[in-house]
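Engineer: Please see the structure below; I have some questions.
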Protein chains: 2
Amino acid sequence: MQMKATAITPTGLKAVCSQCNLRELCLPFGLTGEEIDRLDELVAGRRKVRRQHHLYSAGAPFEAIYAIRAGSFKTDVLLEDGREQVTGFQMTGEILGLDGISSETHSCNATALEDSEVCVIPFGQLEELSRQVESLQHQFHKVMSREIVRDHGVMMLLGSMRAEERLAAFLLNLSKRFMARGYSPAEFHLRMTRDEIGSYLGLKLETVSRAFSKFQDEGLVAVHQKHIRIIDLEGLRRLLTHCAKQT
Amino acid sequence: MQMKATAITPTGLKAVCSQCNLRELCLPFGLTGEEIDRLDELVAGRRKVRRQHHLYSAGAPFEAIYAIRAGSFKTDVLLEDGREQVTGFQMTGEILGLDGISSETHSCNATALEDSEVCVIPFGQLEELSRQVESLQHQFHKVMSREIVRDHGVMMLLGSMRAEERLAAFLLNLSKRFMARGYSPAEFHLRMTRDEIGSYLGLKLETVSRAFSKFQDEGLVAVHQKHIRIIDLEGLRRLLTHCAKQT
DNA sequence: GGCAAGGGTTGACGTGGATCAAACCGATAC
DNA sequence: GTATCGGTTTGATCCACGTCAACCCTTGCC
């Protein structure tokens, strides 16, 4: 029988960045082994989040950021009248919670799309360590900046693209991220509903569904519910670059 | 005749945060006098940017971030086919260039909307100093996080609001920012064209123009070209919270 | 097995904002 | 003064996407 010497978290396991196969995608990227060990020390442990449950909610006090160890999440903001805008879908190795730094309060909700697990990184300690470890500081700044660049991409999508371009961009983006994680870039399972995709892309679920069907008819992808197989990657890319007005 | 002892910049002036009336809105916020002096040391000087000129362009190597000392800017991203998406309008005290950190290359264009001036903050040195000065580190993180939260707001706007709501939100946001700078929140001059507003809001300039006219007809604002006077602030706010479907 | 519930698809129709086009306005240039 | 030009306004028409509604498929429960 196994002893649980460091049963300090709900999962009974201490996070260990150095052993984590996501470290190249995550905060430890670019750190030396010794530096990663120091990062390990401050990771307060892991936390499991069940499907449909919140990791944090808008208005909650900000204390830590989170690295996704398993599973996936969506973040969204709500308007007073109930309208929801999904601001992003996050997968393993990606960091959640950066929105909370500015006001010391979370400004959006983070919800697990499937049973998931995160590493909890207390923010005050992260700042402290990144004052000592230059490469950690730099990597953290890069992570934040990447989020800003990503957001600009979404604005481009929402502000300047038509429905099919948006969906194509969405699929290509997912494909790329699955590939970076060692999964097939051509075949994957969507964790979110049509409604959530629609909210993210600024479309109604019916429009998303129709666009999927159209892609299928055109032989670009094979869609079976949430299962996606990309057949013609180049075709999708072409859709993106000059669809709007095929001048 | 006056000597220019520190003529190290095009403007012949060393930036001095401690003397700057924008410091409460800018990077020095929350620093002690002594800490601000250290920040002063690293500000490489000021740079003037003429109306319509670029402060930096997409693809340019990233070396510094910029604090706007006078004037205003827009940032935009371009698609291969020429479509433009304005990702933000920045005014005095706000920080430009954060997009460049992630890839060490700027990912958008920053263009002066009027003759403007920025303080140049070499990024490597900023990171170095913020390893020593905790309050600077924290304030910098807040600035980056604020940008992320702002971007989420724009996504909300682009993804879930109708034309008039978007314009109302835009005007209210400008109003708030002018107020924070000691200007009238009710009466101001737009520095951007209808086309640029449209690009930012995901609308065509004609739609922006029509929405302005509608607001005018309804007695919400007085519009004279680029001069705006907000007459009914509450009315604009009301538009925002439950216009979509007045259920 | 039947049946309920939640998500997805598809069709018919309506509409908000895009598009196209003309005119207007205020600057600056001559 | 007139011409020019960039930006803006306004009107007429169009179409991409939203809305509403029916139906289907899958899963889980009794």
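Each chain in the structure tokens gets a letter, A, B and so on, in the order shown; residues start at 1 in every chain, and ligands are counted from 1 in the order they appear.
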Could you write out chain A as a PDB file with C-alpha atoms, in the first residue's frame once it has been least-squares superposed on chain B using every ordered C-alpha pair?
Structural biologist:
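The file below, part04.pdb, is the result:
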ATOM      1  CA  MET A   1      19.582  80.791 -23.898  1.00  0.00           C
ATOM      2  CA  GLN A   2      18.902  77.375 -22.524  1.00  0.00           C
ATOM      3  CA  MET A   3      21.365  74.503 -22.464  1.00  0.00           C
ATOM      4  CA  LYS A   4      20.196  71.100 -23.447  1.00  0.00           C
ATOM      5  CA  ALA A   5      22.313  68.962 -21.205  1.00  0.00           C
ATOM      6  CA  THR A   6      20.425  65.735 -21.871  1.00  0.00           C
ATOM      7  CA  ALA A   7      19.650  66.054 -25.520  1.00  0.00           C
ATOM      8  CA  ILE A   8      19.548  62.321 -26.036  1.00  0.00           C
ATOM      9  CA  THR A   9      16.245  62.114 -27.855  1.00  0.00           C
ATOM     10  CA  PRO A  10      14.679  63.643 -30.917  1.00  0.00           C
ATOM     11  CA  THR A  11      12.787  65.943 -28.603  1.00  0.00           C
ATOM     12  CA  GLY A  12      15.903  66.878 -26.715  1.00  0.00           C
ATOM     13  CA  LEU A  13      14.201  66.113 -23.436  1.00  0.00           C
ATOM     14  CA  LYS A  14      14.674  63.378 -20.924  1.00  0.00           C
ATOM     15  CA  ALA A  15      11.402  61.907 -19.765  1.00  0.00           C
ATOM     16  CA  VAL A  16      10.780  62.493 -16.097  1.00  0.00           C
ATOM     17  CA  CYS A  17       8.044  60.376 -14.617  1.00  0.00           C
ATOM     18  CA  SER A  18       8.207  62.148 -11.296  1.00  0.00           C
ATOM     19  CA  GLN A  19       7.259  65.425 -12.968  1.00  0.00           C
ATOM     20  CA  CYS A  20       4.637  63.898 -15.201  1.00  0.00           C
ATOM     21  CA  ASN A  21       1.007  64.554 -14.388  1.00  0.00           C
ATOM     22  CA  LEU A  22       0.077  61.275 -16.013  1.00  0.00           C
ATOM     23  CA  ARG A  23       1.969  59.165 -13.529  1.00  0.00           C
ATOM     24  CA  GLU A  24      -1.187  58.107 -11.696  1.00  0.00           C
ATOM     25  CA  LEU A  25      -2.493  56.542 -14.894  1.00  0.00           C
ATOM     26  CA  CYS A  26       0.780  55.074 -16.031  1.00  0.00           C
ATOM     27  CA  LEU A  27       3.514  52.707 -15.028  1.00  0.00           C
ATOM     28  CA  PRO A  28       4.695  54.758 -11.998  1.00  0.00           C
ATOM     29  CA  PHE A  29       1.363  54.300 -10.241  1.00  0.00           C
ATOM     30  CA  GLY A  30       1.897  53.064  -6.712  1.00  0.00           C
ATOM     31  CA  LEU A  31       5.653  53.662  -6.679  1.00  0.00           C
ATOM     32  CA  THR A  32       7.459  55.739  -4.069  1.00  0.00           C
ATOM     33  CA  GLY A  33       9.346  58.841  -5.115  1.00  0.00           C
ATOM     34  CA  GLU A  34      12.628  57.024  -4.961  1.00  0.00           C
ATOM     35  CA  GLU A  35      11.333  54.148  -7.032  1.00  0.00           C
ATOM     36  CA  ILE A  36      10.037  56.556  -9.633  1.00  0.00           C
ATOM     37  CA  ASP A  37      13.491  58.050  -9.867  1.00  0.00           C
ATOM     38  CA  ARG A  38      14.889  54.645 -10.704  1.00  0.00           C
ATOM     39  CA  LEU A  39      12.214  54.214 -13.364  1.00  0.00           C
ATOM     40  CA  ASP A  40      13.195  57.591 -14.766  1.00  0.00           C
ATOM     41  CA  GLU A  41      16.723  56.340 -15.229  1.00  0.00           C
ATOM     42  CA  LEU A  42      15.693  53.620 -17.585  1.00  0.00           C
ATOM     43  CA  VAL A  43      13.268  55.570 -19.715  1.00  0.00           C
ATOM     44  CA  ALA A  44      15.363  55.988 -22.812  1.00  0.00           C
ATOM     45  CA  GLY A  45      13.772  59.253 -23.757  1.00  0.00           C
ATOM     46  CA  ARG A  46      10.820  60.477 -25.673  1.00  0.00           C
ATOM     47  CA  ARG A  47       9.869  60.056 -29.249  1.00  0.00           C
ATOM     48  CA  LYS A  48       7.573  62.219 -31.286  1.00  0.00           C
ATOM     49  CA  VAL A  49       5.280  60.540 -33.772  1.00  0.00           C
ATOM     50  CA  ARG A  50       3.471  62.604 -36.356  1.00  0.00           C
ATOM     51  CA  ARG A  51      -0.161  62.076 -37.217  1.00  0.00           C
ATOM     52  CA  GLN A  52      -0.672  59.046 -39.459  1.00  0.00           C
ATOM     53  CA  HIS A  53       2.814  57.777 -38.774  1.00  0.00           C
ATOM     54  CA  HIS A  54       3.625  54.430 -37.233  1.00  0.00           C
ATOM     55  CA  LEU A  55       5.129  54.102 -33.794  1.00  0.00           C
ATOM     56  CA  TYR A  56       5.831  50.500 -34.774  1.00  0.00           C
ATOM     57  CA  SER A  57       4.529  48.098 -37.385  1.00  0.00           C
ATOM     58  CA  ALA A  58       3.559  44.457 -37.351  1.00  0.00           C
ATOM     59  CA  GLY A  59       6.656  42.352 -37.873  1.00  0.00           C
ATOM     60  CA  ALA A  60       9.075  44.907 -36.457  1.00  0.00           C
ATOM     61  CA  PRO A  61      11.435  43.613 -33.783  1.00  0.00           C
ATOM     62  CA  PHE A  62      10.261  44.249 -30.251  1.00  0.00           C
ATOM     63  CA  GLU A  63      12.626  46.204 -28.046  1.00  0.00           C
ATOM     64  CA  ALA A  64      10.635  48.585 -25.919  1.00  0.00           C
ATOM     65  CA  ILE A  65       7.201  49.411 -24.701  1.00  0.00           C
ATOM     66  CA  TYR A  66       5.851  52.923 -24.917  1.00  0.00           C
ATOM     67  CA  ALA A  67       3.902  55.155 -22.578  1.00  0.00           C
ATOM     68  CA  ILE A  68       1.839  57.798 -24.311  1.00  0.00           C
ATOM     69  CA  ARG A  69       2.819  61.213 -23.060  1.00  0.00           C
ATOM     70  CA  ALA A  70       0.750  63.288 -25.440  1.00  0.00           C
ATOM     71  CA  GLY A  71      -1.679  62.531 -28.220  1.00  0.00           C
ATOM     72  CA  SER A  72      -3.386  59.298 -29.099  1.00  0.00           C
ATOM     73  CA  PHE A  73      -2.964  56.158 -31.140  1.00  0.00           C
ATOM     74  CA  LYS A  74      -4.793  53.296 -32.731  1.00  0.00           C
ATOM     75  CA  THR A  75      -3.549  49.730 -32.976  1.00  0.00           C
ATOM     76  CA  ASP A  76      -4.663  47.463 -35.760  1.00  0.00           C
ATOM     77  CA  VAL A  77      -4.019  44.092 -37.328  1.00  0.00           C
ATOM     78  CA  LEU A  78      -4.211  43.427 -41.037  1.00  0.00           C
ATOM     79  CA  LEU A  79      -5.360  40.321 -42.839  1.00  0.00           C
ATOM     80  CA  GLU A  80      -3.520  39.162 -45.977  1.00  0.00           C
ATOM     81  CA  ASP A  81      -6.406  40.327 -48.128  1.00  0.00           C
ATOM     82  CA  GLY A  82      -6.195  43.839 -46.749  1.00  0.00           C
ATOM     83  CA  ARG A  83      -9.010  43.772 -44.237  1.00  0.00           C
ATOM     84  CA  GLU A  84      -8.129  45.847 -41.206  1.00  0.00           C
ATOM     85  CA  GLN A  85      -9.260  45.349 -37.643  1.00  0.00           C
ATOM     86  CA  VAL A  86      -8.638  48.167 -35.214  1.00  0.00           C
ATOM     87  CA  THR A  87      -7.910  46.479 -31.895  1.00  0.00           C
ATOM     88  CA  GLY A  88      -7.833  49.565 -29.742  1.00  0.00           C
ATOM     89  CA  PHE A  89      -7.535  53.305 -29.312  1.00  0.00           C
ATOM     90  CA  GLN A  90      -4.999  54.456 -26.760  1.00  0.00           C
ATOM     91  CA  MET A  91      -4.718  57.756 -24.974  1.00  0.00           C
ATOM     92  CA  THR A  92      -2.266  59.491 -22.652  1.00  0.00           C
ATOM     93  CA  GLY A  93      -0.824  57.393 -19.863  1.00  0.00           C
ATOM     94  CA  GLU A  94      -1.651  54.145 -21.607  1.00  0.00           C
ATOM     95  CA  ILE A  95       0.992  51.623 -22.584  1.00  0.00           C
ATOM     96  CA  LEU A  96       1.650  50.457 -26.124  1.00  0.00           C
ATOM     97  CA  GLY A  97       3.643  47.507 -27.377  1.00  0.00           C
ATOM     98  CA  LEU A  98       2.764  44.721 -24.966  1.00  0.00           C
ATOM     99  CA  ASP A  99       1.788  42.525 -27.903  1.00  0.00           C
ATOM    100  CA  GLY A 100       5.431  42.301 -28.896  1.00  0.00           C
ATOM    101  CA  ILE A 101       6.707  40.515 -25.801  1.00  0.00           C
ATOM    102  CA  SER A 102       5.422  37.066 -26.705  1.00  0.00           C
ATOM    103  CA  SER A 103       7.248  36.639 -29.982  1.00  0.00           C
ATOM    104  CA  GLU A 104       9.832  39.399 -29.680  1.00  0.00           C
ATOM    105  CA  THR A 105       8.143  40.874 -32.740  1.00  0.00           C
ATOM    106  CA  HIS A 106       5.282  43.319 -32.860  1.00  0.00           C
ATOM    107  CA  SER A 107       2.057  41.697 -33.950  1.00  0.00           C
ATOM    108  CA  CYS A 108       0.127  44.843 -34.752  1.00  0.00           C
ATOM    109  CA  ASN A 109       0.609  48.373 -36.046  1.00  0.00           C
ATOM    110  CA  ALA A 110       0.473  51.387 -33.781  1.00  0.00           C
ATOM    111  CA  THR A 111      -0.420  54.587 -35.597  1.00  0.00           C
ATOM    112  CA  ALA A 112      -0.656  58.100 -34.207  1.00  0.00           C
ATOM    113  CA  LEU A 113      -4.099  59.649 -34.627  1.00  0.00           C
ATOM    114  CA  GLU A 114      -2.639  63.101 -34.070  1.00  0.00           C
ATOM    115  CA  ASP A 115       0.858  64.454 -33.543  1.00  0.00           C
ATOM    116  CA  SER A 116       1.897  62.585 -30.428  1.00  0.00           C
ATOM    117  CA  GLU A 117       4.728  61.829 -28.095  1.00  0.00           C
ATOM    118  CA  VAL A 118       5.685  58.652 -26.241  1.00  0.00           C
ATOM    119  CA  CYS A 119       8.165  57.689 -23.567  1.00  0.00           C
ATOM    120  CA  VAL A 120      10.375  54.830 -24.700  1.00  0.00           C
ATOM    121  CA  ILE A 121      10.862  52.114 -22.087  1.00  0.00           C
ATOM    122  CA  PRO A 122      13.424  49.509 -23.154  1.00  0.00           C
ATOM    123  CA  PHE A 123      11.853  46.225 -22.206  1.00  0.00           C
ATOM    124  CA  GLY A 124      14.924  44.337 -21.047  1.00  0.00           C
ATOM    125  CA  GLN A 125      15.718  47.099 -18.598  1.00  0.00           C
ATOM    126  CA  LEU A 126      12.138  47.246 -17.424  1.00  0.00           C
ATOM    127  CA  GLU A 127      12.268  43.540 -16.626  1.00  0.00           C
ATOM    128  CA  GLU A 128      15.537  44.045 -14.808  1.00  0.00           C
ATOM    129  CA  LEU A 129      14.245  46.894 -12.699  1.00  0.00           C
ATOM    130  CA  SER A 130      10.988  45.145 -11.957  1.00  0.00           C
ATOM    131  CA  ARG A 131      13.003  42.274 -10.510  1.00  0.00           C
ATOM    132  CA  GLN A 132      14.308  44.777  -8.006  1.00  0.00           C
ATOM    133  CA  VAL A 133      11.276  46.946  -7.412  1.00  0.00           C
ATOM    134  CA  GLU A 134       8.300  44.913  -6.295  1.00  0.00           C
ATOM    135  CA  SER A 135       5.745  47.664  -6.742  1.00  0.00           C
ATOM    136  CA  LEU A 136       6.903  48.280 -10.297  1.00  0.00           C
ATOM    137  CA  GLN A 137       6.665  44.595 -11.070  1.00  0.00           C
ATOM    138  CA  HIS A 138       3.175  44.470  -9.677  1.00  0.00           C
ATOM    139  CA  GLN A 139       2.027  47.580 -11.480  1.00  0.00           C
ATOM    140  CA  PHE A 140       3.395  46.241 -14.747  1.00  0.00           C
ATOM    141  CA  HIS A 141       1.507  42.990 -14.264  1.00  0.00           C
ATOM    142  CA  LYS A 142      -1.627  44.966 -13.587  1.00  0.00           C
ATOM    143  CA  VAL A 143      -1.178  46.953 -16.763  1.00  0.00           C
ATOM    144  CA  MET A 144      -0.875  43.756 -18.797  1.00  0.00           C
ATOM    145  CA  SER A 145      -3.829  42.176 -17.066  1.00  0.00           C
ATOM    146  CA  ARG A 146      -5.910  45.284 -17.621  1.00  0.00           C
ATOM    147  CA  GLU A 147      -5.215  44.959 -21.307  1.00  0.00           C
ATOM    148  CA  ILE A 148      -6.527  41.397 -21.242  1.00  0.00           C
ATOM    149  CA  VAL A 149      -9.687  42.433 -19.404  1.00  0.00           C
ATOM    150  CA  ARG A 150     -10.190  45.299 -21.835  1.00  0.00           C
ATOM    151  CA  ASP A 151      -9.860  42.906 -24.745  1.00  0.00           C
ATOM    152  CA  HIS A 152     -12.509  40.657 -23.232  1.00  0.00           C
ATOM    153  CA  GLY A 153     -14.811  43.656 -23.077  1.00  0.00           C
ATOM    154  CA  VAL A 154     -14.255  44.291 -26.756  1.00  0.00           C
ATOM    155  CA  MET A 155     -15.034  40.650 -27.510  1.00  0.00           C
ATOM    156  CA  MET A 156     -18.293  41.009 -25.601  1.00  0.00           C
ATOM    157  CA  LEU A 157     -19.052  44.055 -27.663  1.00  0.00           C
ATOM    158  CA  LEU A 158     -18.197  42.455 -30.979  1.00  0.00           C
ATOM    159  CA  GLY A 159     -19.749  39.116 -30.248  1.00  0.00           C
ATOM    160  CA  SER A 160     -22.927  39.952 -28.420  1.00  0.00           C
ATOM    161  CA  MET A 161     -24.035  43.517 -29.007  1.00  0.00           C
ATOM    162  CA  ARG A 162     -25.980  45.216 -31.730  1.00  0.00           C
ATOM    163  CA  ALA A 163     -24.776  48.316 -33.563  1.00  0.00           C
ATOM    164  CA  GLU A 164     -26.227  50.973 -31.281  1.00  0.00           C
ATOM    165  CA  GLU A 165     -25.142  49.197 -28.144  1.00  0.00           C
ATOM    166  CA  ARG A 166     -21.624  49.014 -29.489  1.00  0.00           C
ATOM    167  CA  LEU A 167     -21.489  52.708 -30.218  1.00  0.00           C
ATOM    168  CA  ALA A 168     -23.003  53.565 -26.843  1.00  0.00           C
ATOM    169  CA  ALA A 169     -20.434  51.388 -25.100  1.00  0.00           C
ATOM    170  CA  PHE A 170     -17.700  53.057 -27.118  1.00  0.00           C
ATOM    171  CA  LEU A 171     -18.834  56.566 -26.187  1.00  0.00           C
ATOM    172  CA  LEU A 172     -19.239  55.691 -22.523  1.00  0.00           C
ATOM    173  CA  ASN A 173     -15.779  54.204 -22.476  1.00  0.00           C
ATOM    174  CA  LEU A 174     -14.243  57.291 -24.045  1.00  0.00           C
ATOM    175  CA  SER A 175     -16.144  59.497 -21.647  1.00  0.00           C
ATOM    176  CA  LYS A 176     -14.779  57.603 -18.685  1.00  0.00           C
ATOM    177  CA  ARG A 177     -11.232  57.809 -19.949  1.00  0.00           C
ATOM    178  CA  PHE A 178     -11.426  61.520 -20.681  1.00  0.00           C
ATOM    179  CA  MET A 179     -12.771  62.076 -17.200  1.00  0.00           C
ATOM    180  CA  ALA A 180      -9.907  60.101 -15.649  1.00  0.00           C
ATOM    181  CA  ARG A 181      -7.556  62.532 -17.423  1.00  0.00           C
ATOM    182  CA  GLY A 182      -9.261  65.604 -16.073  1.00  0.00           C
ATOM    183  CA  TYR A 183     -11.161  66.450 -19.256  1.00  0.00           C
ATOM    184  CA  SER A 184     -14.869  66.814 -19.590  1.00  0.00           C
ATOM    185  CA  PRO A 185     -16.612  63.447 -19.676  1.00  0.00           C
ATOM    186  CA  ALA A 186     -19.502  65.015 -21.557  1.00  0.00           C
ATOM    187  CA  GLU A 187     -17.808  66.888 -24.343  1.00  0.00           C
ATOM    188  CA  PHE A 188     -14.850  65.795 -26.375  1.00  0.00           C
ATOM    189  CA  HIS A 189     -13.276  65.548 -29.752  1.00  0.00           C
ATOM    190  CA  LEU A 190     -12.946  62.229 -31.546  1.00  0.00           C
ATOM    191  CA  ARG A 191      -9.493  61.669 -32.930  1.00  0.00           C
ATOM    192  CA  MET A 192     -10.475  58.837 -35.222  1.00  0.00           C
ATOM    193  CA  THR A 193     -12.564  58.681 -38.375  1.00  0.00           C
ATOM    194  CA  ARG A 194     -15.942  56.958 -38.703  1.00  0.00           C
ATOM    195  CA  ASP A 195     -14.185  54.274 -40.652  1.00  0.00           C
ATOM    196  CA  GLU A 196     -11.773  53.579 -37.796  1.00  0.00           C
ATOM    197  CA  ILE A 197     -14.589  53.545 -35.264  1.00  0.00           C
ATOM    198  CA  GLY A 198     -16.415  51.135 -37.536  1.00  0.00           C
ATOM    199  CA  SER A 199     -13.441  48.854 -37.821  1.00  0.00           C
ATOM    200  CA  TYR A 200     -13.039  48.816 -34.061  1.00  0.00           C
ATOM    201  CA  LEU A 201     -16.723  48.109 -33.482  1.00  0.00           C
ATOM    202  CA  GLY A 202     -17.090  45.589 -36.295  1.00  0.00           C
ATOM    203  CA  LEU A 203     -19.400  47.868 -38.284  1.00  0.00           C
ATOM    204  CA  LYS A 204     -19.266  49.796 -41.545  1.00  0.00           C
ATOM    205  CA  LEU A 205     -18.772  53.560 -41.400  1.00  0.00           C
ATOM    206  CA  GLU A 206     -22.285  54.148 -42.718  1.00  0.00           C
ATOM    207  CA  THR A 207     -23.735  52.195 -39.826  1.00  0.00           C
ATOM    208  CA  VAL A 208     -21.650  54.200 -37.370  1.00  0.00           C
ATOM    209  CA  SER A 209     -22.819  57.412 -38.966  1.00  0.00           C
ATOM    210  CA  ARG A 210     -26.467  56.340 -38.837  1.00  0.00           C
ATOM    211  CA  ALA A 211     -26.166  55.355 -35.203  1.00  0.00           C
ATOM    212  CA  PHE A 212     -24.690  58.767 -34.392  1.00  0.00           C
ATOM    213  CA  SER A 213     -27.587  60.426 -36.188  1.00  0.00           C
ATOM    214  CA  LYS A 214     -30.082  58.262 -34.335  1.00  0.00           C
ATOM    215  CA  PHE A 215     -28.545  59.172 -30.979  1.00  0.00           C
ATOM    216  CA  GLN A 216     -28.743  62.797 -31.983  1.00  0.00           C
ATOM    217  CA  ASP A 217     -32.410  62.520 -32.978  1.00  0.00           C
ATOM    218  CA  GLU A 218     -33.169  60.864 -29.659  1.00  0.00           C
ATOM    219  CA  GLY A 219     -31.468  63.643 -27.753  1.00  0.00           C
ATOM    220  CA  LEU A 220     -28.758  61.416 -26.321  1.00  0.00           C
ATOM    221  CA  VAL A 221     -25.777  63.226 -27.805  1.00  0.00           C
ATOM    222  CA  ALA A 222     -25.029  66.242 -29.944  1.00  0.00           C
ATOM    223  CA  VAL A 223     -22.773  65.320 -32.831  1.00  0.00           C
ATOM    224  CA  HIS A 224     -20.948  67.836 -34.965  1.00  0.00           C
ATOM    225  CA  GLN A 225     -18.469  65.982 -37.106  1.00  0.00           C
ATOM    226  CA  LYS A 226     -15.866  64.800 -34.652  1.00  0.00           C
ATOM    227  CA  HIS A 227     -17.098  66.910 -31.807  1.00  0.00           C
ATOM    228  CA  ILE A 228     -19.280  64.996 -29.358  1.00  0.00           C
ATOM    229  CA  ARG A 229     -21.381  66.278 -26.510  1.00  0.00           C
ATOM    230  CA  ILE A 230     -23.115  63.711 -24.378  1.00  0.00           C
ATOM    231  CA  ILE A 231     -26.489  65.050 -23.316  1.00  0.00           C
ATOM    232  CA  ASP A 232     -28.105  62.049 -21.668  1.00  0.00           C
ATOM    233  CA  LEU A 233     -25.482  59.836 -20.081  1.00  0.00           C
ATOM    234  CA  GLU A 234     -28.073  57.701 -18.327  1.00  0.00           C
ATOM    235  CA  GLY A 235     -29.910  57.208 -21.582  1.00  0.00           C
ATOM    236  CA  LEU A 236     -26.774  55.835 -23.168  1.00  0.00           C
ATOM    237  CA  ARG A 237     -26.235  53.525 -20.235  1.00  0.00           C
ATOM    238  CA  ARG A 238     -29.788  52.270 -20.459  1.00  0.00           C
ATOM    239  CA  LEU A 239     -29.274  51.499 -24.114  1.00  0.00           C
ATOM    240  CA  LEU A 240     -26.476  49.221 -23.106  1.00  0.00           C
ATOM    241  CA  THR A 241     -28.039  47.144 -20.394  1.00  0.00           C
ATOM    242  CA  HIS A 242     -31.259  46.103 -22.021  1.00  0.00           C
ATOM    243  CA  CYS A 243     -31.517  47.143 -25.580  1.00  0.00           C
ATOM    244  CA  ALA A 244     -31.064  43.864 -27.398  1.00  0.00           C
ATOM    245  CA  LYS A 245     -34.533  42.628 -26.632  1.00  0.00           C
ATOM    246  CA  GLN A 246     -36.598  44.947 -24.533  1.00  0.00           C
ATOM    247  CA  THR A 247     -38.399  41.979 -22.968  1.00  0.00           C
TER     248      THR A 247
END
Engineer: Using DSSP on the backbone coordinates, identify the residues of segment 15-201 of chain A assigned to strand (DSSP E or B); present them as a PyMOL selection string.
Structural biologist: chain A and resi 45-49+54-56+61+64-70+73-78+84-90+95-96+105+109-112+116-122+187-189
Engineer: For atom C1' of DC30 of chain C and atom C1' of DT9 of chain D, determine how far apart the two atoms are, in Å to one decimal place.
Structural biologist: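 Atom C1' of DT9 of chain D lies 28.0 Å from atom C1' of DC30 of chain C.
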